[in-house]
file protein-v6.cif (mmCIF, C-alpha atoms)
data_protein
#
loop_
_atom_site.group_PDB
_atom_site.id
_atom_site.type_symbol
_atom_site.label_atom_id
_atom_site.label_comp_id
_atom_site.auth_asym_id
_atom_site.auth_seq_id
_atom_site.Cartn_x
_atom_site.Cartn_y
_atom_site.Cartn_z
ATOM 1 C CA MET A 1 0.000 0.000 0.000
ATOM 2 C CA THR A 2 1.329 3.430 -0.890
ATOM 3 C CA TYR A 3 1.825 6.208 1.627
ATOM 4 C CA GLY A 4 -1.071 8.178 0.144
ATOM 5 C CA ALA A 5 -3.475 5.236 0.079
ATOM 6 C CA TYR A 6 -2.611 4.441 3.685
ATOM 7 C CA ILE A 7 -3.211 8.033 4.823
ATOM 8 C CA ARG A 8 -6.516 8.129 2.976
ATOM 9 C CA ARG A 9 -7.671 4.800 4.419
ATOM 10 C CA ILE A 10 -6.842 5.854 7.984
ATOM 11 C CA ARG A 11 -8.445 9.300 7.577
ATOM 12 C CA GLU A 12 -11.611 7.833 6.075
ATOM 13 C CA GLU A 13 -11.839 5.200 8.829
ATOM 14 C CA ARG A 14 -11.745 7.998 11.389
ATOM 15 C CA ARG A 15 -14.283 9.988 9.369
ATOM 16 C CA ARG A 16 -16.856 7.187 9.613
ATOM 17 C CA THR A 17 -17.241 7.908 13.313
ATOM 18 C CA ASP A 18 -16.081 11.522 13.438
ATOM 19 C CA ARG A 19 -17.039 13.959 10.675
ATOM 20 C CA SER A 20 -14.165 16.257 11.663
ATOM 21 C CA TYR A 21 -11.856 13.952 9.687
ATOM 22 C CA SER A 22 -13.002 15.267 6.329
ATOM 23 C CA LEU A 23 -10.195 16.019 3.922
ATOM 24 C CA ARG A 24 -10.742 19.761 4.257
ATOM 25 C CA GLN A 25 -10.787 19.774 8.049
ATOM 26 C CA VAL A 26 -7.717 17.553 8.408
ATOM 27 C CA ALA A 27 -5.834 19.672 5.870
ATOM 28 C CA LYS A 28 -6.724 22.821 7.794
ATOM 29 C CA ARG A 29 -5.588 21.340 11.117
ATOM 30 C CA ILE A 30 -2.210 20.245 9.732
ATOM 31 C CA GLY A 31 -1.671 23.500 7.846
ATOM 32 C CA VAL A 32 -1.848 22.417 4.201
ATOM 33 C CA GLU A 33 -4.231 23.100 1.349
ATOM 34 C CA PRO A 34 -6.995 20.502 0.854
ATOM 35 C CA ALA A 35 -5.934 20.089 -2.776
ATOM 36 C CA TYR A 36 -2.407 19.206 -1.658
ATOM 37 C CA LEU A 37 -3.619 16.617 0.863
ATOM 38 C CA SER A 38 -5.897 15.180 -1.804
ATOM 39 C CA LYS A 39 -2.958 14.837 -4.202
ATOM 40 C CA ILE A 40 -0.925 13.117 -1.492
ATOM 41 C CA GLU A 41 -3.754 10.686 -0.785
ATOM 42 C CA ARG A 42 -4.107 9.895 -4.497
ATOM 43 C CA SER A 43 -0.317 9.541 -4.878
ATOM 44 C CA GLU A 44 -0.280 12.399 -7.365
ATOM 45 C CA ALA A 45 2.181 14.248 -5.132
ATOM 46 C CA PRO A 46 5.120 12.717 -3.309
ATOM 47 C CA PRO A 47 4.863 12.155 0.431
ATOM 48 C CA PRO A 48 5.184 15.430 2.317
ATOM 49 C CA SER A 49 8.051 16.745 4.418
ATOM 50 C CA GLU A 50 8.908 15.333 7.819
ATOM 51 C CA VAL A 51 7.145 18.290 9.453
ATOM 52 C CA VAL A 52 3.861 17.630 7.637
ATOM 53 C CA THR A 53 4.195 13.872 8.156
ATOM 54 C CA ARG A 54 4.620 14.462 11.893
ATOM 55 C CA LYS A 55 1.470 16.615 11.931
ATOM 56 C CA LEU A 56 -0.442 13.938 9.995
ATOM 57 C CA ALA A 57 0.766 11.215 12.349
ATOM 58 C CA ASP A 58 -0.355 13.259 15.336
ATOM 59 C CA GLU A 59 -3.688 14.133 13.725
ATOM 60 C CA LEU A 60 -4.428 10.526 12.736
ATOM 61 C CA ASN A 61 -2.938 9.016 15.905
ATOM 62 C CA GLU A 62 -0.404 7.009 13.877
ATOM 63 C CA ASP A 63 3.229 6.159 14.556
ATOM 64 C CA VAL A 64 5.362 8.880 12.979
ATOM 65 C CA ASP A 65 8.274 6.510 12.336
ATOM 66 C CA VAL A 66 5.989 4.155 10.402
ATOM 67 C CA LEU A 67 4.639 6.999 8.263
ATOM 68 C CA LEU A 68 8.130 8.345 7.631
ATOM 69 C CA ALA A 69 9.350 4.882 6.655
ATOM 70 C CA MET A 70 6.398 4.485 4.282
ATOM 71 C CA SER A 71 7.449 7.754 2.664
ATOM 72 C CA GLY A 72 11.050 6.564 2.305
ATOM 73 C CA LYS A 73 12.332 8.873 5.039
ATOM 74 C CA VAL A 74 13.917 8.588 8.461
ATOM 75 C CA SER A 75 13.157 11.012 11.256
ATOM 76 C CA SER A 76 15.745 13.704 11.807
ATOM 77 C CA ASP A 77 16.524 12.510 15.339
ATOM 78 C CA LEU A 78 17.304 8.994 14.070
ATOM 79 C CA ARG A 79 19.348 10.412 11.202
ATOM 80 C CA ASP A 80 21.430 12.398 13.694
ATOM 81 C CA ILE A 81 22.050 9.277 15.786
ATOM 82 C CA ILE A 82 23.034 7.219 12.738
ATOM 83 C CA LEU A 83 25.318 9.942 11.368
ATOM 84 C CA LYS A 84 27.390 9.896 14.555
ATOM 85 C CA ARG A 85 28.337 6.225 13.952
ATOM 86 C CA PRO A 86 27.173 5.316 10.432
ATOM 87 C CA ALA A 87 29.266 2.167 9.890
ATOM 88 C CA LEU A 88 28.269 0.730 13.257
ATOM 89 C CA PHE A 89 24.555 1.337 12.762
ATOM 90 C CA ALA A 90 24.625 0.104 9.174
ATOM 91 C CA ASP A 91 26.242 -3.133 10.347
ATOM 92 C CA LEU A 92 23.769 -3.474 13.222
ATOM 93 C CA ILE A 93 20.752 -3.041 10.965
ATOM 94 C CA ARG A 94 22.119 -5.493 8.394
ATOM 95 C CA GLN A 95 22.811 -8.066 11.108
ATOM 96 C CA LEU A 96 19.244 -7.717 12.400
ATOM 97 C CA ARG A 97 17.698 -8.102 8.935
ATOM 98 C CA GLY A 98 16.386 -11.664 9.409
ATOM 99 C CA THR A 99 15.952 -11.529 13.167
ATOM 100 C CA PRO A 100 12.436 -12.274 14.464
ATOM 101 C CA ASP A 101 10.543 -9.340 15.981
ATOM 102 C CA ASP A 102 10.455 -10.870 19.453
ATOM 103 C CA ALA A 103 14.264 -11.169 19.503
ATOM 104 C CA ILE A 104 14.651 -7.535 18.415
ATOM 105 C CA LEU A 105 12.183 -6.430 21.093
ATOM 106 C CA ARG A 106 14.219 -8.363 23.677
ATOM 107 C CA ILE A 107 17.377 -6.523 22.541
ATOM 108 C CA VAL A 108 15.575 -3.166 22.717
ATOM 109 C CA ARG A 109 14.380 -3.904 26.257
ATOM 110 C CA GLU A 110 17.879 -4.895 27.356
ATOM 111 C CA VAL A 111 19.380 -1.703 25.933
ATOM 112 C CA ARG A 112 16.603 0.463 27.362
ATOM 113 C CA ASP A 113 16.865 -1.151 30.811
ATOM 114 C CA GLY A 114 20.656 -1.069 30.801
ATOM 115 C CA GLU A 115 20.986 -4.835 31.201
ATOM 116 C CA TRP A 116 24.319 -5.470 29.496
#
call {"tool": "encode", "arguments": {"input": "protein-v6.cif", "output": "structure tokens"}}
result
Amino acid sequence: MTYGAYIRRIREERRRTDRSYSLRQVAKRIGVEPAYLSKIERSEAPPPSEVVTRKLADELNEDVDVLLAMSGKVSSDLRDIILKRPALFADLIRQLRGTPDDAILRIVREVRDGEW
């Protein structure tokens, strides 16, 4: 599913129970023109900037990192972390490529909790 199709599906799901999720109202709340949001949703425009994607994620209650990844982008805070040690993080990500999600979550918990 494309970024635009995903955004549209989520927005329209929310609209079924809350009319404030019309294209026009969402566009107004995130600070873009309705025509621009419509083009994004129809994949006639590329995914928006990180700033707009963050606003959309907040508005639609979606994970910003997922939306950024769908748009082929990485959040600026992650980019800054990676740029400090690019070879190390590239190797880490490549090594984790085939690792099951539960194993990665275990690693994340160990790092977060400081259990080395």
call {"tool": "closest_residue", "arguments": {"input": "protein-v6.cif", "among": "A:Arg94, A:Lys73, A:Arg106, A:Arg11", "to": "Pro48 (chain A)", "atoms": "all atoms listed in the file"}}
result
A:Lys73
call {"tool": "closest_residue", "arguments": {"input": "protein-v6.cif", "among": "A:Leu78, A:Ala45, A:Ile7, A:Ile93", "to": "Tyr21 (chain A)", "atoms": "all atoms listed in the file"}}
result
A:Ile7
call {"tool": "resolve_selection", "arguments": {"input": "protein-v6.cif", "expression": "the PyMOL selection byres ((chain A and resi 32) around 12)", "output": "MDAnalysis selection string"}}
result
chainID A and resid 23:31 33:40 48:49 51:53 55:56
call {"tool": "write_last_selection", "arguments": {"input": "protein-v6.cif", "atoms": "C-alpha atoms", "output": "compact mmCIF listing (two decimals), in the coordinates of the input"}}
result
# COMPACT_ATOMS: atom_id res chain seq x y z
CA LEU A 23 -10.20 16.02 3.92
CA ARG A 24 -10.74 19.76 4.26
CA GLN A 25 -10.79 19.77 8.05
CA VAL A 26 -7.72 17.55 8.41
CA ALA A 27 -5.83 19.67 5.87
CA LYS A 28 -6.72 22.82 7.79
CA ARG A 29 -5.59 21.34 11.12
CA ILE A 30 -2.21 20.24 9.73
CA GLY A 31 -1.67 23.50 7.85
CA GLU A 33 -4.23 23.10 1.35
CA PRO A 34 -7.00 20.50 0.85
CA ALA A 35 -5.93 20.09 -2.78
CA TYR A 36 -2.41 19.21 -1.66
CA LEU A 37 -3.62 16.62 0.86
CA SER A 38 -5.90 15.18 -1.80
CA LYS A 39 -2.96 14.84 -4.20
CA ILE A 40 -0.92 13.12 -1.49
CA PRO A 48 5.18 15.43 2.32
CA SER A 49 8.05 16.74 4.42
CA VAL A 51 7.14 18.29 9.45
CA VAL A 52 3.86 17.63 7.64
CA THR A 53 4.20 13.87 8.16
CA LYS A 55 1.47 16.61 11.93
CA LEU A 56 -0.44 13.94 9.99
call {"tool": "atom_distance", "arguments": {"input": "protein-v6.cif", "atom1": "CA of Ser20 (chain A)", "atom2": "CA of Glu59 (chain A)"}}
result
10.9 Å
call {"tool": "axis_aligned_box", "arguments": {"input": "protein-v6.cif", "around": "region 70-85 of chain A", "padding_each_side": "3 Å", "output": "AutoDock Vina command-line options"}}
result
--center_x 17.4 --center_y 9.1 --center_z 9.0 --size_x 27.9 --size_y 15.2 --size_z 19.5
call {"tool": "resolve_selection", "arguments": {"input": "protein-v6.cif", "expression": "the PyMOL selection byres ((chain A and resi 76) around 12)", "output": "PyMOL selection string"}}
result
chain A and resi 49-51+54+64-65+68+73-75+77-83
call {"tool": "atom_distance", "arguments": {"input": "protein-v6.cif", "atom1": "CA of Ala5 (chain A)", "atom2": "CA of Arg42 (chain A)"}}
result
6.6 Å
call {"tool": "atom_distance", "arguments": {"input": "protein-v6.cif", "atom1": "CA of Thr99 (chain A)", "atom2": "CA of Asp63 (chain A)"}}
result
21.8 Å
call {"tool": "closest_residue", "arguments": {"input": "protein-v6.cif", "among": "A:Asp102, A:Glu44, A:Glu13, A:Asp113", "to": "Leu60 (chain A)", "atoms": "all atoms listed in the file"}}
result
A:Glu13
